[in-house]
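Worksheet: one structure, shown below.
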Amino acid sequence: MTDQINNNSPRVRFAPSPTGRLHVGNARTALFNWLFVRHHQGTMVLRIEDTDMARSEEGYERIILNSLAWMGINWDEGPDKPGPYGPYRQSERLDIYPEFVNKLIESGRAYPCYCTEEELTIERKMQMARGVPPRYSGRCLHLTAKNRAALENEGRKPSIRFHCGTDQIKFHDLIKGDMYFDGSLLGDFIVVRSTGIPAYNFAVVIDDHLMNISHVIRGEDHVSNTPFQLLLYNFFGFTPPQFGHHSLLLGTDRTKLSKRHGATSVPQFEEDGFLAEALKNYLALLGGSFVLRQEIMTTEELVTHFTIDKAGRSAAVFDMG
Ligand code: GLU
């Protein structure tokens, strides 16, 4: 698979949101990024995605950094390791985004949306009742300047939405293979919230581009975000990174791993007396992520034998108890 890696010195990022303690599923994402980048002698970036001000807490950032360090997952650039692509906290990058938002608006590809949370919830509920997948109807796409002025007079603050269009979007996923999406089914998405804070799908593209990220390795819960992100790459004329979406951890009943399955956060395992090395080994090998079928591998062996195409390809039942 190494021949698929078209970059001699890849740059990857692990981009946690500091909204809680590090979940073992996210630790596995961090680990795959780390194994990949150490295998290819690239650069690991740690980016803190803390634009969700209501849910982010500074204390969690420190706890996440400690958990990664405990597991021996180190990074080369990050909030505590200044580098040429900083700052590495999204909340400190807020002055970077407006230039790109303006480009979207000036081109007419993005437009103000005045729908309130309540209106959108009702729209979604009605779609679901009709048995259609919920997505934004495009209600504000064709508002006239007069309509907009009237809505602003009501005191509504707009969010900014990107118009998806009808193109087919395809990409080759390093783990899942070829992926296709129909643009006309996507629904125009928010790039800037009504609070002025950039939304995830937008900020992540600007940051990954400006930080020169070559490979985005993340959980498959983000696959549905990738077509939106690719539309933005395409609009701006940025070369997209290569994407690899790995399977998620499941509980023993094969539903998504959550608290009701027992310990799910890295600090919890640490408190319960597990060895970091054991957790790392377990997370790395789970679901047949390596060709080598050894039960225990040293960190060095993990780095040597890591190939991205195998990483988290199959469903992985997490049962450390
Ligand atoms: N902050 C996002 C998360 O924690 C990162 C997603 C991504 O890797 O693009 O889910």
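As shown in the structure tokens, the chain order sets the letters A, B, ...; within each chain, residues go from 1, and ligands are also counted from 1 in the order they appear.
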Query raised in the report: Got a sec: who's within 12 Å of Lys259 of chain A, counting only C-alpha atoms, leaving out chain neighbours fewer than 2 positions off, as a ChimeraX atom specification?
Result: /A:23-25,250-251,255-257,261-265,268
Query - Within 6 Å of ligand 1, counting only C-alpha atoms and all ligand atoms, residues as an NGL selection string - result: :A and (15-17 or 49 or 218)
Requested in this report: Extract, using only C-alpha atoms, all DNA, RNA and protein residues at most 7 Å from Cys140 of chain A, discarding same-chain residues fewer than 2 positions from it, and format them as a ChimeraX atom specification.
Outcome: /A:113-114,138,142-143
Query raised in the report: Suppose you want the space between atom CA of Ser67 of chain A and atom CA of Arg13 of chain A; what is it in Å?
Result: 16.4 Å
Query - Picked from segment 95-321 of chain A by DSSP as strand (DSSP E or B), as a PyMOL selection string - result: chain A and resi 110-113+159-162+168-173+177-182+189-192+198+215-219+242-246+249-250+256+265+316-317
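Among the candidate residues A:Gln242, A:Gln90, A:Pro134, A:Thr195, the one lying nearest to Asn212 of chain A is A:Gln242, with distances computed using only C-alpha atoms.
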Query raised in the report: Out of A:Phe318, A:Tyr85, A:Tyr282, A:Phe274, which residue has the shortest atom-to-atom distance to Thr252 of chain A when counting only C-alpha atoms?
Result: A:Phe318
When you look at Thr43 of chain A with a cut-off of 10 Å (counting only C-alpha atoms), what residues show up, excluding the ones that are within fewer than 4 positions of it in the same chain? I need them as an mmCIF file with N, CA and C atoms, in the first residue's frame.
data_model
loop_
_atom_site.group_PDB
_atom_site.id
_atom_site.type_symbol
_atom_site.label_atom_id
_atom_site.label_comp_id
_atom_site.auth_asym_id
_atom_site.auth_seq_id
_atom_site.Cartn_x
_atom_site.Cartn_y
_atom_site.Cartn_z
ATOM 1 N N SER A 9 6.959 12.922 2.679
ATOM 2 C CA SER A 9 6.984 13.271 4.089
ATOM 3 C C SER A 9 5.594 13.745 4.491
ATOM 4 N N PRO A 10 4.701 12.783 4.761
ATOM 5 C CA PRO A 10 3.318 13.174 5.010
ATOM 6 C C PRO A 10 3.152 14.037 6.249
ATOM 7 N N ARG A 11 2.117 14.838 6.208
ATOM 8 C CA ARG A 11 1.719 15.617 7.384
ATOM 9 C C ARG A 11 0.297 15.202 7.737
ATOM 10 N N VAL A 12 0.133 14.724 8.940
ATOM 11 C CA VAL A 12 -1.197 14.337 9.396
ATOM 12 C C VAL A 12 -1.563 15.188 10.603
ATOM 13 N N ARG A 13 -2.823 15.149 10.949
ATOM 14 C CA ARG A 13 -3.248 15.865 12.150
ATOM 15 C C ARG A 13 -4.221 15.022 12.939
ATOM 16 N N ASN A 33 -3.045 7.677 13.177
ATOM 17 C CA ASN A 33 -2.318 8.812 12.591
ATOM 18 C C ASN A 33 -0.844 8.746 12.969
ATOM 19 N N TRP A 34 -0.612 8.428 14.229
ATOM 20 C CA TRP A 34 0.753 8.406 14.751
ATOM 21 C C TRP A 34 1.569 7.272 14.103
ATOM 22 N N PHE A 36 1.003 5.814 11.277
ATOM 23 C CA PHE A 36 1.171 6.138 9.865
ATOM 24 C C PHE A 36 2.337 7.111 9.669
ATOM 25 N N VAL A 37 2.337 8.149 10.467
ATOM 26 C CA VAL A 37 3.304 9.220 10.247
ATOM 27 C C VAL A 37 4.699 8.832 10.737
ATOM 28 N N ARG A 38 4.749 7.991 11.781
ATOM 29 C CA ARG A 38 6.072 7.529 12.221
ATOM 30 C C ARG A 38 6.607 6.499 11.216
ATOM 31 N N TRP A 75 3.533 14.408 19.340
ATOM 32 C CA TRP A 75 3.254 15.219 18.156
ATOM 33 C C TRP A 75 4.393 16.193 17.939
ATOM 34 N N ASP A 76 4.510 16.671 16.719
ATOM 35 C CA ASP A 76 5.640 17.526 16.359
ATOM 36 C C ASP A 76 5.270 19.005 16.372
ATOM 37 N N GLU A 77 3.990 19.276 16.121
ATOM 38 C CA GLU A 77 3.489 20.653 16.163
ATOM 39 C C GLU A 77 2.165 20.617 16.917
ATOM 40 N N ILE A 213 -1.751 19.725 5.343
ATOM 41 C CA ILE A 213 -2.018 18.344 5.750
ATOM 42 C C ILE A 213 -2.158 17.478 4.489
ATOM 43 N N SER A 214 -1.432 16.396 4.439
ATOM 44 C CA SER A 214 -1.461 15.552 3.230
ATOM 45 C C SER A 214 -2.410 14.363 3.378
#
